[in-house]
There are 4 protein chains.
Amino acid sequence: MPARKPGRHFFANPGPTNIPDSVLRAMDRPSMDFMEADFIDIFDQARAGLQRILFTEGEIFFYAATGHGAWEATMVNLFSPGDTVLMVGGGYFSTAWAALSRGFGINAEMLEVDWRKGVDITQLQARLEADKFHKIKAVCVVHNETSTSVALPLPDIRAALNDARHPALFLADTISSLGCFEFRMEDWGIDAVVGGSQKGLMLPAGLAFTAAGPKALAAHKQSTLSKFYFDWTAMLERRFRSFTGTVPIVPFFGMVESIRLIEEEGLENVWARHARLGSATRAAVQAWSVSNRGVELYCQDPARVSNSVTTILTPEGFNADSLREILREKFNVSTGGGLAALTGRVFRIGHMGDLNEPMLLGTLGAVEMALKLSHIPHGRGLDAAMEFLTQ
Amino acid sequence: MPARKPGRHFFANPGPTNIPDSVLRAMDRPSMDFMEADFIDIFDQARAGLQRILFTEGEIFFYAATGHGAWEATMVNLFSPGDTVLMVGGGYFSTAWAALSRGFGINAEMLEVDWRKGVDITQLQARLEADKFHKIKAVCVVHNETSTSVALPLPDIRAALNDARHPALFLADTISSLGCFEFRMEDWGIDAVVGGSQKGLMLPAGLAFTAAGPKALAAHKQSTLSKFYFDWTAMLERRFRSFTGTVPIVPFFGMVESIRLIEEEGLENVWARHARLGSATRAAVQAWSVSNRGVELYCQDPARVSNSVTTILTPEGFNADSLREILREKFNVSTGGGLAALTGRVFRIGHMGDLNEPMLLGTLGAVEMALKLSHIPHGRGLDAAMEFLTQ
Amino acid sequence: MPARKPGRHFFANPGPTNIPDSVLRAMDRPSMDFMEADFIDIFDQARAGLQRILFTEGEIFFYAATGHGAWEATMVNLFSPGDTVLMVGGGYFSTAWAALSRGFGINAEMLEVDWRKGVDITQLQARLEADKFHKIKAVCVVHNETSTSVALPLPDIRAALNDARHPALFLADTISSLGCFEFRMEDWGIDAVVGGSQKGLMLPAGLAFTAAGPKALAAHKQSTLSKFYFDWTAMLERRFRSFTGTVPIVPFFGMVESIRLIEEEGLENVWARHARLGSATRAAVQAWSVSNRGVELYCQDPARVSNSVTTILTPEGFNADSLREILREKFNVSTGGGLAALTGRVFRIGHMGDLNEPMLLGTLGAVEMALKLSHIPHGRGLDAAMEFLTQ
Amino acid sequence: MPARKPGRHFFANPGPTNIPDSVLRAMDRPSMDFMEADFIDIFDQARAGLQRILFTEGEIFFYAATGHGAWEATMVNLFSPGDTVLMVGGGYFSTAWAALSRGFGINAEMLEVDWRKGVDITQLQARLEADKFHKIKAVCVVHNETSTSVALPLPDIRAALNDARHPALFLADTISSLGCFEFRMEDWGIDAVVGGSQKGLMLPAGLAFTAAGPKALAAHKQSTLSKFYFDWTAMLERRFRSFTGTVPIVPFFGMVESIRLIEEEGLENVWARHARLGSATRAAVQAWSVSNRGVELYCQDPARVSNSVTTILTPEGFNADSLREILREKFNVSTGGGLAALTGRVFRIGHMGDLNEPMLLGTLGAVEMALKLSHIPHGRGLDAAMEFLTQ
C-alpha cells in the first residue's frame with residue numbers, strides 16, 4: 001500500500017462524503033442483538049428522523065445495499081413485467097436507472113434531454129398529455145444528476161403531472177440531494193423516494209432505502225415482479241419490520257447521530273450552507289473561466305445549478321483525469337471524474353454534507369494550483385470565492 | 001433508550017459475533033474514493049485473503065447485503081425459471097432458502113430430514129440416483145444450520161453426488177461455519193459458496209458474497225433470471241470488478257484486519273479453538289442435563305455437533321425466552337432465541353469468532369445462574385467445562 | 001510484538017481498570033483549544049461531577065500526572081521542611097508515600113501496623129493523644145491499600161482525631177476506593193484527597209488530582225516547599241484555573257462520560273455492585289482455601305476486606321507469578337502481582353470499575369483452572385461465587 | 001455546550017496540533033498491564049524512535065506531565081539550590097522557564113534580547129566569556145519561541161559556548177521545533193532536551209520528556225534539589241525504567257504510530273514540508289502587509305523565521321483577539337492568541353505537525369476573509385501563498 005500522504009485527505013468527491021467524527025465514533029461499537037429493545041429504539045429513532053428530513057409520514061424500507069440496490073428494490077416492488085415508466089433523462093444515473101428497469105421487463109421510455117440543461121418541462125408535460133390511456137405507470141426523476149450537476153425543479157414536474165391530469169406515480173432519486181437542498185416528499189406529491197446513506201446523510205456507503213407513500217404502497221400490491229431480499233410485503237410482515245436478514249446495527253447508530261447533527265444545525269440552515277458553498281464554488285469556476293481555452297461550468301441553466309456538486313468541463317483535448325491526478329498526488333485532494341460519455345472531459349467537485357468554508361477554500365485552492373500546473377489559463381477563482389463568502 | 005448495563009456486554013448470539021477491537025479501529029475511518037489505488041489494494045487483499053480462507057481460486061462476488069441477499073444473488077445468477085434444485089432440509093435457514101428460490105420460479109424440492117440429526121446421506125444419494133434425467137440442477141446445503149446447531153459433513157455429500165454420478169452443482173451456505181471449522185471449497189468439490197461477514201469473519205453484518213468455481217460460472221452463462229444489483233456478468237465487466245454501485249470501503253478494511261488476525265493465529269488453530277470451546281460448551285450442557293425436567297442438547301448426532309453454536313432445548317412447558325430475559329437483564333448476556341417452530345423451545349449459545357476461555361466461562365456461568373433462578377434442575381456445568389478445558 | 005491472543009483480554013489488574021467503550025469513544029477526538037468555551041464547559045462538567053462523586057464542594061487541582069504526582073503535589077503544597085506528618089502504615093503504598101515525603105524534608109512518622117489487618121484505631125488515637133504539642137500536622141491514610149486489599153474505616157479515624165482533640169489535617173489517598181465503595185469527603189471530615197483517573201473512574205492513567213477543603217487551603221498558604229508544576233496558588237491565579245500548562249483535553253472528555261455512566265447507574269448502586277462482586281470473589285477464594293497447602297485471603301480482618309481488589313496468598317514455596325503467567329498465557333487474563341515484600345507471595349484480582357458478573361466469573365474460572373494446572377489443591381470456588389450471586 | 005459547527009474544525013493553534021486519524025485509532029484501546037511484554041515492546045519502540053528523531057543515544061525520561069512538568073523535571077534533576085543558569089530570553093516561554101527555576105532556588109540570569117529578533121550571539125558569547133569562574137552551570141535556550149515565532153540557530157550557540165571555552169551544560173527546549181525542523185541533539189552538542197508530545201509529534205498533550213546526554217547524567221548525580229515524581233535516579237533503578245507510577249500506555253501506542261508516519265514520510269521530508277508550508281504562510285502575510293495600517297510578521301529577522309508557527313502583529317489599536325473570534329465563530333478556524341505582553345497585539349498561525357497545502361490554504365483563506373470582515377487593509381495573501389506553492 002502506498003505511503004500515507006501527510007495532512008488530512010480532502011475528500012471532494014460527490015459522494016461518499018465527509019463523515020463527521022461524532023458519526024464515526026457512534027458507529028465504532030461492538031455487536032448487539034438487533035432484536036433487543038436498545039437497538040429497536042435506535043432503529044425507530046433513525047426511521048423517524050429520516051421521515052422528518054424527507055417531510056413524509058410514509059413507510060421507509062431499509063436495505064443493506066448501495067443506491068443501485070434501492071433503485072432495483074423500488075422498481076421490483078412497484079411494477080410488473082410489461083409496465084411502462086417514463087424516465088426523465090439527463091445523465092449517467094437516469095440512463096442506468098432505465099437500463100436496470102428494462103432488465104426486469106419494465107418498458108422504460110427515456111425522455112431524452114440536453115444533459116447540460118436538464119428536462120424541458122413543457123416537453124415532459126406534452127409527453128404526459130399524449131399518453132391518453134395512461135400507459136405510463138410512473139415518472140422517474142433523478143433530483144440531482146450527480147454526473148452533470150443539474151438539479152431539477154421537482155415541484156414543476158409535479159405541476160406538469162397535475163396539469164396533464166396524469167395519474168402516474170412520481171418517483172424521485174434523491175441520493176445526492178437529500179440533506180443538501182430543499183426536498184419535501186409530501187408537499188411535492190412524490191410517491192416514492194430512492195435514497196442512500198453516503199451523501200447528505202454523511203454516512204458510509206452501504207445503507208439505502210425507499211420511502212413509499214400511500215399511492216406507492218397501493219401500487220406495490222399489484223406488482224408481480226419476483227423479489228425476496230427487497231420484498232416490501234415480507235418486510236412489513238416481519239417481527240423486525242422494514243428489513244430483510246440480520247440488521248446491520250452500525251449505520252443506524254450513525255444515522256441517529258447524523259440526523260442529530262443536521263437538526264442541531266437546522267435543516268434549513270443546512271440547505272443555506274450548501275447554497276452558500278455551492279455558490280462560492282461556482283463563483284470560483286466562473287472566475288477561472290476567463291479564456292475559451294479554460295474550464296467552464298458544465299450546467300448551462302443558472303436556475304438548475306446544483307448546490308451539492310459542481311461538474312466542470314475542461315478544455316478540448318485536455319484529459320480532466322490528469323488534473324485529478326495532480327490534485328490527488330500533489331495536494332491530497334480527491335475529486336470526482338467524468339462518468340460514461342463525460343469521462344476525461346469533466347471533473348466534479350462535491351460540496352455536500354459536512355463541509356465548511358475553509359474546507360472548500362482548501363479544495364478550490366488546490367484546484368487553482370492544479371490548473372496552473374496543468375497550464376490551463378484561468379482567472380482568480382479563490383479570490384472570487386472569498387469575495388462571495390464575505391459579501 | 002434504557003440505561004447502559006455495567007461491564008462489558010457478553011454477546012453470545014450465534015451471529016453477529018464479537019468484533020476484535022483492532023477490526024473496529026480498522027473500520028473507523030473517513031471516506032475515500034473506492035477507485036483509488038489505495039483502496040483497490042485493500043479490496044484485493046480482502047479478496048485474496050477470503051480465497052485463502054475458502055481454499056479456492058474461484059471468483060468472489062461481493063454484495064452490500066445481508067446473507068439473505070447473497071442467497072438471492074446466488075440463485076438468480078445460476079438458475080432460470082423452472083429449474084429444479086434439491087434443498088437439503090434441516091432447519092429454519094434451509095427452509096427459507098427454498099422459499100426464496102420458489103419465489104423466483106425455481107422448483108426447490110425439499111429433502112425433509114429429522115432436524116435434530118440432519119440429512120441421512122443414504123437417502124440423499126438415493127434421491128440423486130432416482131433422478132435419472134438429471135433434472136436436479138443443484139444440491140443446496142446449509143453447512144451449519146444455525147437454528148439447530150447441526151453441522152453437516154460436506155465431503156460425505158460430495159461423495160454421494162459422485163457415487164450417484166450426478167452432475168448437479170453443489171452449493172453450500174457457509175455463513176456460520178466459515179472461519180469456525182473446517183471448510184475447503186475446492187478439495188470438497190463445492191461449486192458455489194454463500195457467505196457473510198458477521199460470524200467467523202468477525203465483522204459487522206452488511207457485507208455478503210458468493211464464491212463461484214468454474215462450473216458455477218459456466219452455469220451462470222445459461223441463467224435467464226432477471227438481475228441487476230446482484231448481476232455477476234455486469235460485475236465482471238465493470239472497471240471496479242465484482243461489485244455494483246459505490247463500494248463501501250469500511251468492511252473491506254475490516255476484513256483485511258480480521259483475516260490478518262485469523263492467519264496470525266493460524267486457520268487450523270482457529271478451528272481447534274472453536275472445537276475446544278464448542279466441546280466445553282457441550283460438556284456444560286451435558287452436565288446440566290441431569291434430569292428429565294432439565295435442558296438438553298438439541299442435536300442428537302454426536303458426530304454432527306456444531307463447533308460454532310449450541311442449541312439447547314429447555315423443558316416442556318418452559319419458555320426459553322424467559323431464560324434469555326434473565327441472562328440479558330440480570331447478567332448482561334445476550335443469547336440467541338429459537339427460530340420458527342423452535343421459538344420458545346430452545347436457546348442458542350454462539351461460540352464463534354473472537355472468543356476465548358474466560359469469555360465462554362462468563363457466559364456459561366451466567367447461564368448456570370439463570371437456570372438456578374428459573375428453577376430448572378441442573379448439574380454443575382461450569383465445573384464440567386473447566387474440567388474439559390484443563391484436561 | 002507477540003501475536004494477539006484470541007478473544008477479549010480479561011483485565012483483572014487492580015488498576016488501571018476496564019474502560020467502557022463509550023468512554024474510549026469520548027476520548028477519541030482531534031485537538032481543540034483548551035481555552036475555548038466548548039472545552040471550558042467540559043472541564044467544568046468534569047470538575048463538578050468529580051465534586052459530586054467526592055461529596056465535596058472543595059477546590060480540585062488537576063495534574064497531568066500519575067497518582068505518585070498527586071501525592072507529591074499534595075505534600076509540597078501543604079507542608080514546609082521539617083513539618084511532621086503521621087503516616088498510617090499498612091502496605092506498599094503508604095510506605096512509598098512516607099518515603100516521598102521524607103525526600104522533601106518532611107518528617108514522616110510511620111505508624112507501623114500488621115499489613116494483614118491494617119491500623120489499630122486505638123493505637124492511632126493513643127499516638128495522637130501523646131502528641132501534646134500538636135507537632136503532627138497531618139494524618140495520612142491510604143483508604144484502600146491496593147497492595148494488601150485492606151480497606152480502612154475512615155470515619156473511625158476521623159473519630160480518633162476528634163476524640164484526641166487533635167487539629168491535624170486528615171489526608172486520604174482514595175486512588176483505589178473512589179467510585180468503588182463509600183467515600184464522603186466532607187461528611188467524614190477529610191481535608192485533602194489524593195485521587196487518580198485509572199481505577200473507579202474508569203479512565204486511562206495519566207490524570208490525577210487533589211481535592212482540598214478549607215483547612216487544607218489555609219495550610220497551603222503557610223507551606224514553603226518549592227513547587228511550580230504542582231503549585232496550587234499559581235493554578236488559582238491562572239486564567240485557565242486549576243491546571244499548569246497545556247490542558248490535555250482527552251481525559252476530561254472521558255471523565256464527563258465516565259461520571260455520566262456512574263450517575264446513570266447511581267453511585268450507591270455502583271457501590272452495591274462492587275460489594276456484590278467483591279463478596280463473590282471472596283466467596284470463591286474461601287471455597288478454594290480448603291487445604292493448608294492452598295490459597296487464602298491475605299486480609300485477615302473480615303470487616304476490612306476491600307470491595308475493589310482481593311489479594312490472595314499462595315502456598316509457601318510457590319511463586320505466585322507462575323500462576324499469573326498461566327493466566328496470561330493460556331487464558332488471556334491479566335492479574336496483579338505482589339508488591340515489595342509480597343512479590344511472588346500473592347496475586348491480586350482487581351474487581352473495580354466497569355465490571356459485571358460474567359466478567360468476574362470468566363476471571364475466577366480462569367483462576368480456578370490455573371490453580372488446577374498449578375497443582376494447588378482447591379475447592380469449588382466458581383460454584384461458591386455463583387451460589388453467592390444467586391442468593 | 002454550544003452546538004457543533006459544521007465541517008471539520010481547522011485547528012491552526014501552535015500546539016497542540018492536528019492528530020492523524022491513525023494515531024487517534026492507535027490510542028483508542030482498552031487497558032493493559034504496563035509490565036507485560038507486549039507493552040514493554042511498545043515502550044521500547046517509542047523510546048528508540050524518539051532517540052532517532054532527536055539524533056541521540058542518550059537516556060530518555062518520560063513523564064505524565066505537560067511541557068511545564070518537563071521543564072521542572074529537568075531543572076530539579078540537574079541543579080542544586082544556588083546554582084546559576086543563563087536563560088536566553090526572547091519571549092513568554094523563556095521568561096516562564098526562568099521564573100520556575102528561581103522558584104527552586106536556582107539563580108536564573110536572564111539574557112534580555114529584542115523579542116522580534118532573538119538573541120545576539122555575540123552578546124551571548126561575551127557574557128559567557130565574562131564568566132571567568134564558570135559560575136554559569138547551564139545555558140538554557142528555547143529553540144523555537146512559540147510566542148514570537150523566532151527560531152534560534154542552536155549550532156551558533158554551541159559555537160559561542162565552544163569559542164568561549166565555557167563548560168556550561170547546553171539545554172534546549174524543543175517543544176515546538178522537534179519533528180518540525182532540523183534538530184540534532186548530539187551533533188549540536190546539546191546536553192539535555194525538554195520535549196512534549198503535542199506538537200511535531202502529533203499526539204495529545206499530557207506526555208513530556210527529557211533527553212539527557214552523558215554530561216547531563218553526570219551533572220544529575222551532583223544535584224541536591226528535592227524530587228520524587230520526576231526523579232531520574234529512582235526511574236533508572238525501577239524495574240519499569242524511566243517512569244514514575246502507573247505508565248499511561250495510550251500515548252506510547254500513539255507515539256509508535258506517529259513516529260512510524262514521520263519515518264514513512266522521511267524526517268527530512270517532514271522538515272522540507274514544514275519549510276514549504278511555513279514559507280507559504282509568510283508569503284501570505286507579506287502580501288497582506290501592504291499598508292502601514294495592516295498586519296505584519298512579528299519576527300524581524302528573516303534568517304530566524306519559524307517553520308512551525310507564524311506570529312502576526314495586528315495594527316495598533318486593533319484587538320487581535322477579535323480577529324480570532326471571527327475565525328472561530330464564522331469559519332470554524334482556531335488560531336493562537338498573544339501571550340503575556342503580546343496579548344491582543346498578535347495572533348499566531350500554527351503550521352506544524354500533520355499539515356498539507358489545502359489545510360493551510362483553508363486556514364489562510366479564512367484569515368484573509370476575517371481581515372476583510374475586520375476592515376483591515378490587506379493584499380492578496382492567498383494568491384501569494386499559491387504562487388509560492390506552485391513555483
# chains A, B, ... in the order shown; residues from 1 in each chain; ligands from 1

$ residues_around --residues "stretch 316-330 of chain D" --least-positions-apart "4" --cutoff "6 Å" --atoms "only C-alpha atoms" --output "number ranges by chain"
D: 334, 344-347

$ interface_residues --of "chain D" --to "chain B" --cutoff "10 Å" --atoms "only C-alpha atoms" --output "PyMOL selection string"
chain D and resi 21-22+24-30

$ write_last_selection --atoms "N, CA and C atoms" --output "compact mmCIF listing (two decimals), in the first residue's frame"
# COMPACT_ATOMS: atom_id res chain seq x y z
N ASP D 21 -5.52 10.55 11.99
CA ASP D 21 -6.52 9.55 12.39
C ASP D 21 -5.88 8.25 12.84
N SER D 22 -4.83 7.84 12.15
CA SER D 22 -4.25 6.54 12.52
C SER D 22 -3.61 6.61 13.91
N LEU D 24 -4.88 8.57 16.35
CA LEU D 24 -6.04 8.50 17.25
C LEU D 24 -6.51 7.06 17.42
N ARG D 25 -6.56 6.33 16.32
CA ARG D 25 -7.04 4.95 16.41
C ARG D 25 -6.07 4.10 17.22
N ALA D 26 -4.77 4.35 17.07
CA ALA D 26 -3.78 3.57 17.83
C ALA D 26 -3.93 3.82 19.32
N MET D 27 -4.48 4.97 19.69
CA MET D 27 -4.64 5.29 21.10
C MET D 27 -6.00 4.88 21.65
N ASP D 28 -6.90 4.49 20.79
CA ASP D 28 -8.25 4.11 21.22
C ASP D 28 -8.23 2.62 21.55
N ARG D 29 -7.85 2.32 22.77
CA ARG D 29 -7.64 0.91 23.13
C ARG D 29 -7.88 0.71 24.62
N PRO D 30 -8.27 -0.51 24.97
CA PRO D 30 -8.54 -0.80 26.38
C PRO D 30 -7.25 -0.87 27.20

$ residues_around --residues "stretch 87-97 of chain A" --least-positions-apart "3" --cutoff "7 Å" --atoms "only C-alpha atoms" --output "tab-separated table (two decimals) with N, CA and C atoms, in the first residue's frame"
chain	number	residue	atom	x	y	z
A	71	TRP	N	-32.62	1.36	-6.10
A	71	TRP	CA	-33.33	1.50	-7.38
A	71	TRP	C	-34.06	0.20	-7.73
A	100	LEU	N	-31.58	-0.70	-15.86
A	100	LEU	CA	-31.93	-1.74	-14.88
A	100	LEU	C	-33.41	-2.09	-14.99
A	101	SER	N	-34.25	-1.09	-15.21
A	101	SER	CA	-35.68	-1.34	-15.30
A	101	SER	C	-35.98	-2.27	-16.47
A	108	ALA	N	-39.04	0.91	-20.01
A	108	ALA	CA	-38.60	2.23	-19.53
A	108	ALA	C	-38.38	3.13	-20.73
A	109	GLU	N	-39.28	4.07	-20.90
A	109	GLU	CA	-39.17	5.00	-22.03
A	109	GLU	C	-38.33	6.19	-21.57
A	110	MET	N	-37.28	6.49	-22.30
A	110	MET	CA	-36.37	7.56	-21.90
A	110	MET	C	-36.79	8.86	-22.57
A	111	LEU	N	-37.02	9.87	-21.78
A	111	LEU	CA	-37.27	11.20	-22.34
A	111	LEU	C	-35.91	11.88	-22.49
A	112	GLU	N	-35.45	11.96	-23.73
A	112	GLU	CA	-34.09	12.47	-23.94
A	112	GLU	C	-34.05	13.98	-23.75
A	113	VAL	N	-32.99	14.45	-23.15
A	113	VAL	CA	-32.87	15.88	-22.87
A	113	VAL	C	-31.44	16.34	-23.12
A	114	ASP	N	-31.26	17.63	-23.17
A	114	ASP	CA	-29.91	18.21	-23.22
A	114	ASP	C	-29.29	18.04	-21.84
A	115	TRP	N	-28.20	17.26	-21.77
A	115	TRP	CA	-27.59	16.98	-20.46
A	115	TRP	C	-27.11	18.24	-19.75
A	118	GLY	N	-30.90	19.79	-18.64
A	118	GLY	CA	-31.95	19.02	-17.97
A	118	GLY	C	-33.27	19.16	-18.73
A	119	VAL	N	-34.24	18.43	-18.26
A	119	VAL	CA	-35.51	18.27	-18.99
A	119	VAL	C	-36.24	19.60	-19.23
A	139	VAL	N	-43.46	8.31	-13.49
A	139	VAL	CA	-42.42	9.21	-13.99
A	139	VAL	C	-41.27	9.14	-13.00
A	140	CYS	N	-40.08	8.84	-13.55
A	140	CYS	CA	-38.90	8.64	-12.70
A	140	CYS	C	-37.92	9.78	-12.93
A	141	VAL	N	-37.54	10.44	-11.85
A	141	VAL	CA	-36.69	11.62	-11.97
A	141	VAL	C	-35.52	11.55	-10.99
A	142	VAL	N	-34.34	11.81	-11.52
A	142	VAL	CA	-33.18	11.96	-10.64
A	142	VAL	C	-33.13	13.43	-10.23
A	145	GLU	N	-28.72	15.25	-10.75
A	145	GLU	CA	-27.90	14.34	-11.56
A	145	GLU	C	-26.44	14.55	-11.16
A	147	SER	N	-23.87	13.29	-12.12
A	147	SER	CA	-22.86	13.28	-13.19
A	147	SER	C	-22.74	14.63	-13.88
A	148	THR	N	-23.84	15.38	-13.91
A	148	THR	CA	-23.83	16.64	-14.65
A	148	THR	C	-23.96	17.86	-13.74
A	339	LEU	N	-18.32	10.63	-15.83
A	339	LEU	CA	-18.93	9.31	-15.97
A	339	LEU	C	-19.38	9.11	-17.40
A	340	ALA	N	-19.26	7.89	-17.87
A	340	ALA	CA	-19.73	7.50	-19.20
A	340	ALA	C	-19.17	8.45	-20.26

$ atom_distance --atom1 "atom CA of C:Gly189" --atom2 "atom CA of C:Ile53"
15.4 Å

$ atom_distance --atom1 "atom CA of C:Thr122" --atom2 "atom CA of C:Asp156"
9.8 Å

$ select_by_dssp --residues "stretch 10-241 of chain D" --states "alpha helix (DSSP H)" --output "short mmCIF file (atom, residue, chain, number, x, y, z; two decimals) with C-alpha atoms, in the first residue's frame"
data_model
loop_
_atom_site.label_atom_id
_atom_site.label_comp_id
_atom_site.auth_asym_id
_atom_site.auth_seq_id
_atom_site.Cartn_x
_atom_site.Cartn_y
_atom_site.Cartn_z
CA ASP D 21 -6.52 9.55 12.39
CA SER D 22 -4.25 6.54 12.52
CA VAL D 23 -2.63 7.95 15.67
CA LEU D 24 -6.04 8.50 17.25
CA ARG D 25 -7.04 4.95 16.41
CA ALA D 26 -3.78 3.57 17.83
CA MET D 27 -4.64 5.29 21.10
CA ALA D 37 5.99 -7.90 27.40
CA ASP D 38 3.54 -6.57 24.83
CA PHE D 39 3.62 -3.11 26.30
CA ILE D 40 7.31 -3.07 27.11
CA ASP D 41 7.88 -3.73 23.43
CA ILE D 42 5.76 -0.70 22.55
CA PHE D 43 7.52 1.44 25.13
CA ASP D 44 10.90 0.41 23.79
CA GLN D 45 9.82 1.15 20.23
CA ALA D 46 8.62 4.60 21.25
CA ARG D 47 11.83 5.37 23.09
CA ALA D 48 14.04 4.14 20.28
CA GLY D 49 12.01 6.10 17.73
CA LEU D 50 12.27 9.24 19.79
CA GLN D 51 16.02 8.77 20.03
CA ARG D 52 16.18 8.61 16.23
CA ILE D 53 14.09 11.76 15.86
CA LEU D 54 16.31 13.54 18.41
CA GLY D 67 5.90 20.58 28.96
CA HIS D 68 5.93 22.69 32.12
CA GLY D 69 6.45 19.50 34.09
CA ALA D 70 9.37 18.53 31.86
CA TRP D 71 10.99 21.92 32.48
CA GLU D 72 10.69 21.42 36.23
CA ALA D 73 11.90 17.84 35.95
CA THR D 74 14.96 18.93 34.02
CA MET D 75 15.90 21.68 36.43
CA VAL D 76 15.38 19.74 39.67
CA ASN D 77 17.36 16.80 38.32
CA LEU D 78 20.32 18.85 37.11
CA TYR D 92 6.93 34.17 27.07
CA PHE D 93 8.36 30.69 27.37
CA SER D 94 11.93 31.59 28.23
CA THR D 95 10.57 34.00 30.81
CA ALA D 96 8.45 31.28 32.39
CA TRP D 97 11.33 28.83 32.38
CA ALA D 98 13.45 31.34 34.28
CA ALA D 99 10.69 32.03 36.78
CA LEU D 100 10.22 28.37 37.61
CA SER D 101 13.96 27.93 38.08
CA ARG D 102 14.08 30.77 40.54
CA GLY D 103 11.22 29.17 42.47
CA ILE D 121 25.02 35.56 19.58
CA THR D 122 27.94 37.95 20.07
CA GLN D 123 26.38 39.31 23.20
CA LEU D 124 25.78 35.78 24.47
CA GLN D 125 29.37 34.82 23.79
CA ALA D 126 30.58 37.96 25.57
CA ARG D 127 28.53 37.05 28.62
CA LEU D 128 29.99 33.57 28.66
CA GLU D 129 33.50 34.89 28.27
CA ALA D 130 32.90 37.28 31.15
CA LEU D 154 21.40 26.28 18.08
CA PRO D 155 24.67 25.39 16.30
CA ASP D 156 25.69 29.05 16.54
CA ILE D 157 25.01 28.99 20.26
CA ARG D 158 27.04 25.81 20.56
CA ALA D 159 29.83 27.58 18.70
CA ALA D 160 29.61 30.50 21.10
CA LEU D 161 29.98 28.14 24.05
CA ASN D 162 32.92 26.47 22.37
CA ASP D 163 34.54 29.73 21.39
CA PRO D 214 26.30 11.89 29.39
CA LYS D 215 27.23 15.35 30.67
CA ALA D 216 23.70 15.89 31.93
CA LEU D 217 23.59 12.48 33.60
CA ALA D 218 26.86 13.31 35.34
CA ALA D 219 25.51 16.67 36.48
CA HIS D 220 22.39 14.93 37.78
CA LYS D 221 24.49 12.98 40.25
CA GLN D 222 25.56 16.27 41.88
CA TRP D 232 15.81 10.33 37.30
CA THR D 233 17.82 8.19 39.70
CA ALA D 234 14.72 6.45 41.01
CA MET D 235 13.50 5.98 37.44
CA LEU D 236 16.69 4.28 36.40
CA GLU D 237 16.54 1.95 39.38
#

$ residues_around --residues "B:Pro377" --least-positions-apart "6" --cutoff "9 Å" --atoms "only C-alpha atoms" --output "list in words"
Trp288, Ser289, Val290, Ser291, Asn292, Arg293, Gly294, Val295 and Leu371 of chain B

$ residues_around --residues "stretch 297-310 of chain B" --least-positions-apart "3" --cutoff "10 Å" --atoms "only C-alpha atoms" --output "PyMOL selection string"
chain B and resi 12-15+114-118+143-153+176-181+199-200+271-282+285-286+288-289+313-314+336+345-353

$ residues_around --residues "C:Thr66" --least-positions-apart "6" --cutoff "9 Å" --atoms "only C-alpha atoms" --output "list in words"
Gly196, Ser197, Gln198, Ala205, Gly206, Leu207, Ala208 and Phe209 of chain C; Tyr63, Ala64, Ala65, Tyr229, Thr244, Gly245, Thr246, Val247 and Pro248 of chain D

$ atom_distance --atom1 "atom CA of C:Glu182" --atom2 "atom CA of C:Glu263"
14.3 Å

$ select_by_dssp --residues "stretch 31-126 of chain C" --states "strand (DSSP E)" --output "list in words"
Glu59, Ile60, Phe61, Phe62, Tyr63, Ala64, Thr84, Val85, Leu86, Met87, Val88, Asn107, Ala108, Glu109, Met110 and Leu111 of chain C

$ write_last_selection --atoms "N, CA and C atoms" --output "CSV table (one decimal), in the first residue's frame"
chain,number,residue,atom,x,y,z
C,59,GLU,N,-12.0,22.7,46.5
C,59,GLU,CA,-11.3,23.0,45.3
C,59,GLU,C,-10.7,21.7,44.7
C,60,ILE,N,-10.7,21.6,43.4
C,60,ILE,CA,-10.0,20.4,42.8
C,60,ILE,C,-8.8,20.9,42.0
C,61,PHE,N,-7.6,20.4,42.2
C,61,PHE,CA,-6.5,20.7,41.4
C,61,PHE,C,-6.1,19.5,40.6
C,62,PHE,N,-6.1,19.7,39.3
C,62,PHE,CA,-5.8,18.6,38.4
C,62,PHE,C,-4.4,18.6,37.9
C,63,TYR,N,-3.8,17.5,37.7
C,63,TYR,CA,-2.5,17.4,37.2
C,63,TYR,C,-2.4,16.4,36.1
C,64,ALA,N,-1.7,16.7,35.0
C,64,ALA,CA,-1.3,15.6,34.1
C,64,ALA,C,-0.2,14.9,34.8
C,84,THR,N,6.1,17.7,60.6
C,84,THR,CA,5.8,16.2,60.9
C,84,THR,C,4.5,15.8,60.4
C,85,VAL,N,4.4,14.7,59.8
C,85,VAL,CA,3.1,14.1,59.4
C,85,VAL,C,3.1,12.6,60.0
C,86,LEU,N,1.9,12.1,60.3
C,86,LEU,CA,1.8,10.7,60.8
C,86,LEU,C,1.3,9.9,59.6
C,87,MET,N,2.1,9.0,59.1
C,87,MET,CA,1.6,8.1,58.0
C,87,MET,C,1.1,6.8,58.6
C,88,VAL,N,-0.1,6.5,58.3
C,88,VAL,CA,-0.7,5.2,58.8
C,88,VAL,C,-0.2,4.1,57.9
C,107,ASN,N,9.1,15.3,58.0
C,107,ASN,CA,9.3,14.3,58.9
C,107,ASN,C,8.1,13.3,58.9
C,108,ALA,N,8.2,12.3,58.1
C,108,ALA,CA,7.0,11.4,58.0
C,108,ALA,C,7.2,10.3,59.0
C,109,GLU,N,6.4,10.3,60.1
C,109,GLU,CA,6.5,9.2,61.1
C,109,GLU,C,5.5,8.1,60.7
C,110,MET,N,6.1,6.9,60.6
C,110,MET,CA,5.2,5.8,60.1
C,110,MET,C,4.6,5.1,61.3
C,111,LEU,N,3.3,5.0,61.3
C,111,LEU,CA,2.7,4.2,62.4
C,111,LEU,C,2.6,2.7,61.8

$ decode --residues "stretch 133-144 of chain D" --atoms "C-alpha atoms" --output "CSV table (one decimal), in the first residue's frame"
chain,number,residue,atom,x,y,z
D,133,PHE,CA,34.9,31.3,37.1
D,134,HIS,CA,32.3,29.3,35.2
D,135,LYS,CA,29.6,30.1,37.7
D,136,ILE,CA,27.1,29.6,34.9
D,137,LYS,CA,26.2,25.9,35.1
D,138,ALA,CA,24.0,25.9,32.1
D,139,VAL,CA,22.8,27.9,29.1
D,140,CYS,CA,19.0,27.4,28.6
D,141,VAL,CA,17.6,28.1,25.2
D,142,VAL,CA,14.1,27.8,23.8
D,143,HIS,CA,14.8,26.5,20.2
D,144,ASN,CA,11.6,27.9,18.8
